[in-house]
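File shown: data21.pdb (PDB, C-alpha atoms, pLDDT in the B column).
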ATOM      1  CA  MET F   1      78.273  25.341  44.356  1.00 93.00           C
ATOM      2  CA  LYS F   2      81.440  24.548  46.306  1.00 97.00           C
ATOM      3  CA  THR F   3      81.831  25.623  49.916  1.00 97.00           C
ATOM      4  CA  ALA F   4      84.252  28.386  50.862  1.00 97.00           C
ATOM      5  CA  SER F   5      86.681  25.801  52.210  1.00 98.00           C
ATOM      6  CA  GLU F   6      86.510  23.751  49.007  1.00 98.00           C
ATOM      7  CA  THR F   7      86.995  26.893  46.920  1.00 98.00           C
ATOM      8  CA  ARG F   8      90.143  27.829  48.823  1.00 98.00           C
ATOM      9  CA  GLN F   9      91.558  24.324  48.426  1.00 98.00           C
ATOM     10  CA  ILE F  10      90.849  24.367  44.694  1.00 98.00           C
ATOM     11  CA  LEU F  11      92.521  27.762  44.320  1.00 98.00           C
ATOM     12  CA  ASP F  12      95.533  26.445  46.235  1.00 98.00           C
ATOM     13  CA  LYS F  13      95.937  23.713  43.622  1.00 98.00           C
ATOM     14  CA  LEU F  14      95.441  26.075  40.695  1.00 98.00           C
ATOM     15  CA  GLU F  15      97.960  28.542  42.092  1.00 98.00           C
ATOM     16  CA  GLY F  16     100.430  25.675  42.270  1.00 98.00           C
ATOM     17  CA  GLN F  17      99.813  24.924  38.604  1.00 98.00           C
ATOM     18  CA  HIS F  18     100.186  28.595  37.625  1.00 98.00           C
ATOM     19  CA  PRO F  19     102.782  30.118  39.971  1.00 97.00           C
ATOM     20  CA  ASP F  20     103.517  32.872  37.441  1.00 93.00           C
ATOM     21  CA  ALA F  21      99.942  34.183  37.330  1.00 97.00           C
ATOM     22  CA  ASP F  22      99.862  37.975  37.069  1.00 97.00           C
ATOM     23  CA  THR F  23      98.483  40.603  34.749  1.00 96.00           C
ATOM     24  CA  GLU F  24     100.190  40.377  31.372  1.00 95.00           C
ATOM     25  CA  LEU F  25      99.622  44.050  30.567  1.00 97.00           C
ATOM     26  CA  HIS F  26     102.907  45.951  30.695  1.00 98.00           C
ATOM     27  CA  HIS F  27     102.848  49.043  32.901  1.00 98.00           C
ATOM     28  CA  THR F  28     104.947  51.015  35.363  1.00 98.00           C
ATOM     29  CA  ASN F  29     102.203  52.896  37.217  1.00 98.00           C
ATOM     30  CA  ALA F  30      98.451  53.066  37.770  1.00 98.00           C
ATOM     31  CA  PHE F  31      97.845  55.486  34.887  1.00 98.00           C
ATOM     32  CA  GLU F  32      99.572  53.213  32.381  1.00 98.00           C
ATOM     33  CA  LEU F  33      97.675  50.177  33.618  1.00 98.00           C
ATOM     34  CA  LEU F  34      94.380  52.058  33.397  1.00 98.00           C
ATOM     35  CA  VAL F  35      95.097  53.002  29.781  1.00 98.00           C
ATOM     36  CA  ALA F  36      96.253  49.490  28.907  1.00 98.00           C
ATOM     37  CA  THR F  37      93.210  47.863  30.488  1.00 98.00           C
ATOM     38  CA  ILE F  38      90.833  50.119  28.571  1.00 98.00           C
ATOM     39  CA  LEU F  39      92.648  49.169  25.370  1.00 98.00           C
ATOM     40  CA  SER F  40      92.479  45.448  26.216  1.00 97.00           C
ATOM     41  CA  ALA F  41      88.695  45.277  25.751  1.00 94.00           C
ATOM     42  CA  GLN F  42      87.984  42.915  22.839  1.00 92.00           C
ATOM     43  CA  SER F  43      91.727  42.642  22.244  1.00 95.00           C
ATOM     44  CA  THR F  44      94.645  40.584  23.530  1.00 95.00           C
ATOM     45  CA  ASP F  45      97.187  41.664  26.115  1.00 96.00           C
ATOM     46  CA  GLN F  46      99.946  40.883  23.637  1.00 96.00           C
ATOM     47  CA  ARG F  47      98.451  43.231  21.068  1.00 97.00           C
ATOM     48  CA  VAL F  48      98.019  45.986  23.635  1.00 98.00           C
ATOM     49  CA  ASN F  49     101.627  45.575  24.757  1.00 98.00           C
ATOM     50  CA  LEU F  50     102.769  46.250  21.199  1.00 98.00           C
ATOM     51  CA  VAL F  51     100.855  49.530  21.133  1.00 98.00           C
ATOM     52  CA  THR F  52     101.429  51.023  24.559  1.00 98.00           C
ATOM     53  CA  PRO F  53     105.203  51.765  24.534  1.00 98.00           C
ATOM     54  CA  ALA F  54     104.867  54.436  21.840  1.00 98.00           C
ATOM     55  CA  LEU F  55     101.573  55.630  23.315  1.00 98.00           C
ATOM     56  CA  PHE F  56     103.046  56.097  26.793  1.00 98.00           C
ATOM     57  CA  LYS F  57     106.078  57.869  25.355  1.00 98.00           C
ATOM     58  CA  ARG F  58     103.836  60.376  23.608  1.00 98.00           C
ATOM     59  CA  TYR F  59     101.308  60.633  26.481  1.00 98.00           C
ATOM     60  CA  PRO F  60     103.163  59.817  29.717  1.00 98.00           C
ATOM     61  CA  ASP F  61     100.469  61.054  32.088  1.00 98.00           C
ATOM     62  CA  ALA F  62      96.850  62.141  32.332  1.00 98.00           C
ATOM     63  CA  LYS F  63      97.671  65.792  31.680  1.00 98.00           C
ATOM     64  CA  ALA F  64      99.311  64.958  28.346  1.00 98.00           C
ATOM     65  CA  LEU F  65      96.609  62.516  27.295  1.00 98.00           C
ATOM     66  CA  ALA F  66      93.851  64.986  28.197  1.00 98.00           C
ATOM     67  CA  LYS F  67      95.101  67.299  25.453  1.00 97.00           C
ATOM     68  CA  ALA F  68      94.869  64.609  22.775  1.00 97.00           C
ATOM     69  CA  THR F  69      92.020  64.477  20.295  1.00 93.00           C
ATOM     70  CA  ALA F  70      90.316  61.318  19.116  1.00 89.00           C
ATOM     71  CA  ALA F  71      91.775  61.899  15.657  1.00 91.00           C
ATOM     72  CA  GLN F  72      95.286  61.920  17.128  1.00 96.00           C
ATOM     73  CA  LEU F  73      94.727  58.785  19.193  1.00 97.00           C
ATOM     74  CA  GLU F  74      92.914  56.608  16.668  1.00 97.00           C
ATOM     75  CA  PRO F  75      95.883  55.703  14.442  1.00 97.00           C
ATOM     76  CA  ARG F  76      98.021  54.966  17.500  1.00 97.00           C
ATOM     77  CA  ILE F  77      95.595  52.384  18.904  1.00 98.00           C
ATOM     78  CA  HIS F  78      93.958  51.199  15.683  1.00 97.00           C
ATOM     79  CA  SER F  79      95.225  47.626  15.922  1.00 97.00           C
ATOM     80  CA  THR F  80      93.550  47.023  19.294  1.00 97.00           C
ATOM     81  CA  GLY F  81      90.103  47.201  17.712  1.00 96.00           C
ATOM     82  CA  PHE F  82      87.144  49.478  18.452  1.00 96.00           C
ATOM     83  CA  PHE F  83      89.660  52.310  18.151  1.00 97.00           C
ATOM     84  CA  ARG F  84      87.093  55.092  17.785  1.00 96.00           C
ATOM     85  CA  ALA F  85      85.260  54.258  20.993  1.00 97.00           C
ATOM     86  CA  LYS F  86      88.526  53.614  22.828  1.00 97.00           C
ATOM     87  CA  SER F  87      90.010  56.934  21.658  1.00 97.00           C
ATOM     88  CA  LYS F  88      87.044  58.823  23.046  1.00 96.00           C
ATOM     89  CA  ALA F  89      87.181  56.842  26.290  1.00 97.00           C
ATOM     90  CA  LEU F  90      90.911  57.464  26.785  1.00 98.00           C
ATOM     91  CA  ALA F  91      90.681  61.200  26.159  1.00 97.00           C
ATOM     92  CA  GLY F  92      87.577  61.504  28.342  1.00 97.00           C
ATOM     93  CA  MET F  93      89.152  59.445  31.108  1.00 98.00           C
ATOM     94  CA  ALA F  94      92.278  61.595  31.118  1.00 98.00           C
ATOM     95  CA  ARG F  95      90.305  64.843  31.210  1.00 98.00           C
ATOM     96  CA  ALA F  96      88.257  63.535  34.128  1.00 98.00           C
ATOM     97  CA  LEU F  97      91.427  62.571  35.997  1.00 98.00           C
ATOM     98  CA  VAL F  98      92.844  66.066  35.522  1.00 98.00           C
ATOM     99  CA  THR F  99      89.605  67.849  36.372  1.00 98.00           C
ATOM    100  CA  ASP F 100      88.415  65.725  39.287  1.00 97.00           C
ATOM    101  CA  HIS F 101      91.506  64.028  40.698  1.00 98.00           C
ATOM    102  CA  GLY F 102      94.472  66.279  40.041  1.00 98.00           C
ATOM    103  CA  GLY F 103      95.697  63.947  37.302  1.00 98.00           C
ATOM    104  CA  GLN F 104      96.047  60.994  39.683  1.00 98.00           C
ATOM    105  CA  VAL F 105      94.258  57.653  39.449  1.00 98.00           C
ATOM    106  CA  PRO F 106      91.923  57.353  42.457  1.00 98.00           C
ATOM    107  CA  ALA F 107      92.202  54.272  44.651  1.00 98.00           C
ATOM    108  CA  ASP F 108      88.442  53.970  44.936  1.00 96.00           C
ATOM    109  CA  MET F 109      85.989  51.767  43.049  1.00 98.00           C
ATOM    110  CA  GLU F 110      83.208  54.344  42.873  1.00 97.00           C
ATOM    111  CA  ALA F 111      85.507  57.099  41.640  1.00 98.00           C
ATOM    112  CA  LEU F 112      87.129  54.830  39.060  1.00 98.00           C
ATOM    113  CA  THR F 113      83.871  53.591  37.595  1.00 98.00           C
ATOM    114  CA  LYS F 114      82.738  57.173  37.073  1.00 98.00           C
ATOM    115  CA  LEU F 115      85.581  57.660  34.599  1.00 98.00           C
ATOM    116  CA  PRO F 116      84.741  57.287  30.879  1.00 96.00           C
ATOM    117  CA  GLY F 117      85.476  53.785  29.595  1.00 95.00           C
ATOM    118  CA  VAL F 118      86.018  52.312  33.048  1.00 98.00           C
ATOM    119  CA  GLY F 119      83.785  49.492  34.247  1.00 96.00           C
ATOM    120  CA  ARG F 120      84.030  47.375  37.346  1.00 97.00           C
ATOM    121  CA  LYS F 121      86.408  44.845  35.787  1.00 97.00           C
ATOM    122  CA  THR F 122      88.854  47.548  34.663  1.00 98.00           C
ATOM    123  CA  ALA F 123      88.648  49.260  38.039  1.00 98.00           C
ATOM    124  CA  ASN F 124      89.424  46.002  39.839  1.00 98.00           C
ATOM    125  CA  VAL F 125      92.453  45.393  37.620  1.00 98.00           C
ATOM    126  CA  VAL F 126      93.897  48.804  38.458  1.00 98.00           C
ATOM    127  CA  LEU F 127      93.035  48.613  42.145  1.00 98.00           C
ATOM    128  CA  GLY F 128      94.545  45.173  42.646  1.00 98.00           C
ATOM    129  CA  HIS F 129      97.651  45.463  40.481  1.00 98.00           C
ATOM    130  CA  ALA F 130      98.678  49.100  40.784  1.00 98.00           C
ATOM    131  CA  LEU F 131      97.070  50.646  43.849  1.00 98.00           C
ATOM    132  CA  GLY F 132      97.304  47.940  46.508  1.00 96.00           C
ATOM    133  CA  VAL F 133      93.541  47.723  46.996  1.00 97.00           C
ATOM    134  CA  PRO F 134      92.038  44.193  46.904  1.00 97.00           C
ATOM    135  CA  GLY F 135      90.030  43.621  43.748  1.00 96.00           C
ATOM    136  CA  LEU F 136      88.811  40.580  41.822  1.00 98.00           C
ATOM    137  CA  PRO F 137      88.366  41.334  38.113  1.00 97.00           C
ATOM    138  CA  VAL F 138      85.910  38.982  36.422  1.00 98.00           C
ATOM    139  CA  ASP F 139      86.378  38.555  32.679  1.00 96.00           C
ATOM    140  CA  ARG F 140      85.172  35.834  30.311  1.00 95.00           C
ATOM    141  CA  HIS F 141      87.901  33.445  31.466  1.00 97.00           C
ATOM    142  CA  VAL F 142      86.999  33.830  35.143  1.00 98.00           C
ATOM    143  CA  LEU F 143      83.313  33.358  34.319  1.00 98.00           C
ATOM    144  CA  ARG F 144      83.952  30.193  32.318  1.00 98.00           C
ATOM    145  CA  VAL F 145      86.444  28.564  34.680  1.00 98.00           C
ATOM    146  CA  ALA F 146      84.661  29.425  37.937  1.00 98.00           C
ATOM    147  CA  ASN F 147      81.319  28.137  36.676  1.00 98.00           C
ATOM    148  CA  ARG F 148      82.773  24.964  35.195  1.00 97.00           C
ATOM    149  CA  ILE F 149      84.614  24.052  38.374  1.00 98.00           C
ATOM    150  CA  GLY F 150      81.633  24.997  40.521  1.00 98.00           C
ATOM    151  CA  ILE F 151      83.222  27.665  42.705  1.00 98.00           C
ATOM    152  CA  ALA F 152      80.710  30.164  41.323  1.00 98.00           C
ATOM    153  CA  GLU F 153      77.274  29.898  39.808  1.00 97.00           C
ATOM    154  CA  SER F 154      76.149  32.772  37.581  1.00 97.00           C
ATOM    155  CA  ASP F 155      76.716  34.249  34.140  1.00 95.00           C
ATOM    156  CA  LYS F 156      76.783  37.759  35.628  1.00 97.00           C
ATOM    157  CA  PRO F 157      80.280  39.078  36.438  1.00 97.00           C
ATOM    158  CA  GLU F 158      79.238  41.044  39.522  1.00 97.00           C
ATOM    159  CA  ILE F 159      77.544  38.017  41.093  1.00 98.00           C
ATOM    160  CA  VAL F 160      80.553  35.788  40.384  1.00 98.00           C
ATOM    161  CA  GLU F 161      82.778  38.480  41.884  1.00 98.00           C
ATOM    162  CA  GLN F 162      80.641  38.531  45.032  1.00 98.00           C
ATOM    163  CA  GLN F 163      80.633  34.730  45.319  1.00 98.00           C
ATOM    164  CA  LEU F 164      84.408  34.424  44.938  1.00 98.00           C
ATOM    165  CA  CYS F 165      85.165  37.349  47.235  1.00 98.00           C
ATOM    166  CA  GLY F 166      82.844  35.860  49.844  1.00 97.00           C
ATOM    167  CA  ALA F 167      84.799  32.609  49.810  1.00 98.00           C
ATOM    168  CA  LEU F 168      88.273  34.132  49.947  1.00 98.00           C
ATOM    169  CA  PRO F 169      90.140  36.601  52.147  1.00 98.00           C
ATOM    170  CA  PRO F 170      90.741  39.994  50.469  1.00 98.00           C
ATOM    171  CA  GLU F 171      94.468  39.410  50.144  1.00 97.00           C
ATOM    172  CA  ARG F 172      93.727  36.530  47.738  1.00 98.00           C
ATOM    173  CA  TRP F 173      91.283  38.322  45.461  1.00 98.00           C
ATOM    174  CA  THR F 174      93.661  39.698  42.844  1.00 98.00           C
ATOM    175  CA  ARG F 175      95.767  36.554  42.781  1.00 98.00           C
ATOM    176  CA  THR F 176      92.634  34.452  42.331  1.00 98.00           C
ATOM    177  CA  SER F 177      91.555  36.454  39.295  1.00 98.00           C
ATOM    178  CA  ASP F 178      95.019  36.202  37.724  1.00 98.00           C
ATOM    179  CA  THR F 179      95.097  32.448  38.354  1.00 98.00           C
ATOM    180  CA  LEU F 180      91.649  31.782  36.880  1.00 98.00           C
ATOM    181  CA  ILE F 181      92.405  33.954  33.851  1.00 97.00           C
ATOM    182  CA  LEU F 182      95.652  32.122  33.156  1.00 97.00           C
ATOM    183  CA  HIS F 183      93.984  28.735  33.687  1.00 98.00           C
ATOM    184  CA  GLY F 184      91.292  29.773  31.218  1.00 98.00           C
ATOM    185  CA  ARG F 185      93.873  30.779  28.634  1.00 96.00           C
ATOM    186  CA  ARG F 186      96.145  27.769  29.026  1.00 97.00           C
ATOM    187  CA  VAL F 187      93.983  24.856  30.125  1.00 98.00           C
ATOM    188  CA  CYS F 188      90.262  25.499  30.632  1.00 97.00           C
ATOM    189  CA  LYS F 189      89.743  26.923  27.169  1.00 97.00           C
ATOM    190  CA  PRO F 190      86.343  26.939  25.439  1.00 95.00           C
ATOM    191  CA  LYS F 191      87.398  23.433  24.391  1.00 95.00           C
ATOM    192  CA  PRO F 192      89.068  22.411  27.668  1.00 96.00           C
ATOM    193  CA  LEU F 193      92.288  20.437  28.040  1.00 97.00           C
ATOM    194  CA  CYS F 194      91.021  18.475  31.029  1.00 96.00           C
ATOM    195  CA  ASP F 195      93.933  16.026  31.031  1.00 95.00           C
ATOM    196  CA  GLN F 196      96.222  18.951  31.906  1.00 97.00           C
ATOM    197  CA  CYS F 197      94.057  20.263  34.766  1.00 98.00           C
ATOM    198  CA  VAL F 198      95.124  19.711  38.377  1.00 98.00           C
ATOM    199  CA  VAL F 199      91.581  20.163  39.708  1.00 98.00           C
ATOM    200  CA  ARG F 200      89.653  17.995  37.286  1.00 96.00           C
ATOM    201  CA  ASP F 201      88.693  15.602  40.078  1.00 96.00           C
ATOM    202  CA  ASP F 202      87.103  18.587  41.871  1.00 97.00           C
ATOM    203  CA  CYS F 203      85.526  20.024  38.729  1.00 97.00           C
ATOM    204  CA  GLU F 204      81.780  19.731  38.292  1.00 95.00           C
ATOM    205  CA  TYR F 205      82.048  20.120  34.521  1.00 96.00           C
ATOM    206  CA  PHE F 206      84.552  17.286  34.248  1.00 95.00           C
ATOM    207  CA  GLN F 207      82.594  14.988  36.528  1.00 92.00           C
ATOM    208  CA  THR F 208      79.180  15.602  34.954  1.00 91.00           C
ATOM    209  CA  ALA F 209      80.107  16.051  31.303  1.00 81.00           C
ATOM    210  CA  VAL F 210      83.590  14.973  30.301  1.00 75.00           C
ATOM    211  CA  ALA F 211      84.080  11.920  32.507  1.00 65.00           C
ATOM    212  CA  VAL F 212      80.592  10.613  31.800  1.00 65.00           C
ATOM    213  CA  GLU F 213      81.063  11.049  28.066  1.00 66.00           C
ATOM    214  CA  ARG F 214      84.364   9.199  28.184  1.00 65.00           C
ATOM    215  CA  THR F 215      82.699   6.165  29.741  1.00 63.00           C
ATOM    216  CA  LYS F 216      80.218   5.888  26.910  1.00 60.00           C
ATOM    217  CA  PRO F 217      81.195   3.706  23.968  1.00 57.00           C
ATOM    218  CA  SER F 218      81.398   5.691  20.791  1.00 54.00           C
ATOM    219  CA  ARG F 219      78.810   5.188  18.080  1.00 56.00           C
ATOM    220  CA  ASN F 220      81.460   3.641  15.893  1.00 55.00           C
ATOM    221  CA  LYS F 221      82.469   1.174  18.599  1.00 58.00           C
ATOM    222  CA  ARG F 222      78.855   0.248  19.167  1.00 62.00           C
ATOM    223  CA  ARG F 223      78.349  -0.246  15.445  1.00 60.00           C
ATOM    224  CA  ILE F 224      81.400  -2.521  15.214  1.00 50.00           C
ATOM    225  CA  LYS F 225      80.285  -4.494  18.270  1.00 61.00           C
ATOM    226  CA  ASN F 226      76.798  -4.977  16.828  1.00 63.00           C
ATOM    227  CA  GLU F 227      78.212  -5.986  13.458  1.00 50.00           C
ATOM    228  CA  LYS F 228      80.483  -8.605  15.060  1.00 48.00           C
ATOM    229  CA  ALA F 229      77.560  -9.993  17.024  1.00 58.00           C
ATOM    230  CA  ARG F 230      75.487 -10.209  13.843  1.00 49.00           C
ATOM    231  CA  LEU F 231      78.243 -12.085  12.037  1.00 42.00           C
ATOM    232  CA  ARG F 232      78.631 -14.538  14.905  1.00 54.00           C
ATOM    233  CA  ALA F 233      74.921 -15.229  15.075  1.00 51.00           C
ATOM    234  CA  PRO F 234      73.851 -18.630  13.601  1.00 50.00           C
ATOM    235  CA  ARG F 235      72.140 -18.419  10.242  1.00 45.00           C
ATOM    236  CA  ARG F 236      68.557 -19.569  10.051  1.00 42.00           C
TER
END

Serialized structure, structure tokens:
Amino acid sequence: MKTASETRQILDKLEGQHPDADTELHHTNAFELLVATILSAQSTDQRVNLVTPALFKRYPDAKALAKATAAQLEPRIHSTGFFRAKSKALAGMARALVTDHGGQVPADMEALTKLPGVGRKTANVVLGHALGVPGLPVDRHVLRVANRIGIAESDKPEIVEQQLCGALPPERWTRTSDTLILHGRRVCKPKPLCDQCVVRDDCEYFQTAVAVERTKPSRNKRRIKNEKARLRAPRR
């Protein structure tokens, strides 16, 4: 795994490649971002952004959402997928905010993760982007990119979060997550576009898998080479 110094240098390069990195979920306050992040599970930010304007108009705060039933919410969020579970989570989350926090989103990891439908990743998104508290959300993109490059080494989000946070100052945590997510969406996809990556020379995956594979002659080239050699060979 890379050293803390190497990790910071790599993130510097990636931030240069993605200067616009930020959450793509549309929101105007912590409550809206919390709702949007819950809806984004197994969905795309673009899809969620199509749903939330009407949802926020109908339920502008926790007090309004707490009065909603699952049956009322389901058709409004249907297109985001898993709408039954998400409807229950949203209503339960809102009721908990009203009951335990006066309708306000708490700026505390432990309090957030006690809310229905809120895991550590969602809590970190809200903390870092809406509440001014350093947080490093780890989703599938962060897991893939961080492990490929070698700035983290685990398939468990909490461990990767700890490794990245340990290598970076708190003020870089949220930005780092945004940058890795965007790099995973644009460049380091499941089938990576390594030729577009500014850190490929620092990337363990590129050095040990891609670059090595590119130096190997293809089977077809080997077959052609062997066939030419056979044709040139003197007949006996």

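What separates atom CA of F:Arg172 from atom CA of F:Gly128 is a distance of 10.1 Å.
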
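Distances here use all atoms listed in the file; by that measure, the residue among F:Val35, F:Leu193, F:Ile77, F:Val51 closest to F:Leu97 is F:Val35.
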
Report as a list in words the full result of the PyMOL selection byres ((chain F and resi 27-31) around 8) when it is applied to this structure. Leu25, His26, Glu32, Leu33, Leu34, Val35, Ala36, Asp61, Ala62, Gln104, Val105, Val126, Ala130 and Leu131 of chain F

I need the chosen residues saved as a PDB file, in the frame of the given file, with C-alpha atoms.
ATOM      1  CA  LEU F  25      99.622  44.050  30.567  1.00 97.00           C
ATOM      2  CA  HIS F  26     102.907  45.951  30.695  1.00 98.00           C
ATOM      3  CA  GLU F  32      99.572  53.213  32.381  1.00 98.00           C
ATOM      4  CA  LEU F  33      97.675  50.177  33.618  1.00 98.00           C
ATOM      5  CA  LEU F  34      94.380  52.058  33.397  1.00 98.00           C
ATOM      6  CA  VAL F  35      95.097  53.002  29.781  1.00 98.00           C
ATOM      7  CA  ALA F  36      96.253  49.490  28.907  1.00 98.00           C
ATOM      8  CA  ASP F  61     100.469  61.054  32.088  1.00 98.00           C
ATOM      9  CA  ALA F  62      96.850  62.141  32.332  1.00 98.00           C
ATOM     10  CA  GLN F 104      96.047  60.994  39.683  1.00 98.00           C
ATOM     11  CA  VAL F 105      94.258  57.653  39.449  1.00 98.00           C
ATOM     12  CA  VAL F 126      93.897  48.804  38.458  1.00 98.00           C
ATOM     13  CA  ALA F 130      98.678  49.100  40.784  1.00 98.00           C
ATOM     14  CA  LEU F 131      97.070  50.646  43.849  1.00 98.00           C
TER      15      LEU F 131
END

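In this comparison, which uses only C-alpha atoms, the residue of F:Leu39, F:Leu112, F:Val187, F:Leu50 approaching F:Lys86 most closely is F:Leu39.
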
Report as a PyMOL selection string the residues that result from applying the PyMOL selection byres ((chain F and resi 87) around 10) to the structure here. chain F and resi 38-39+68-78+82-86+88-93+117
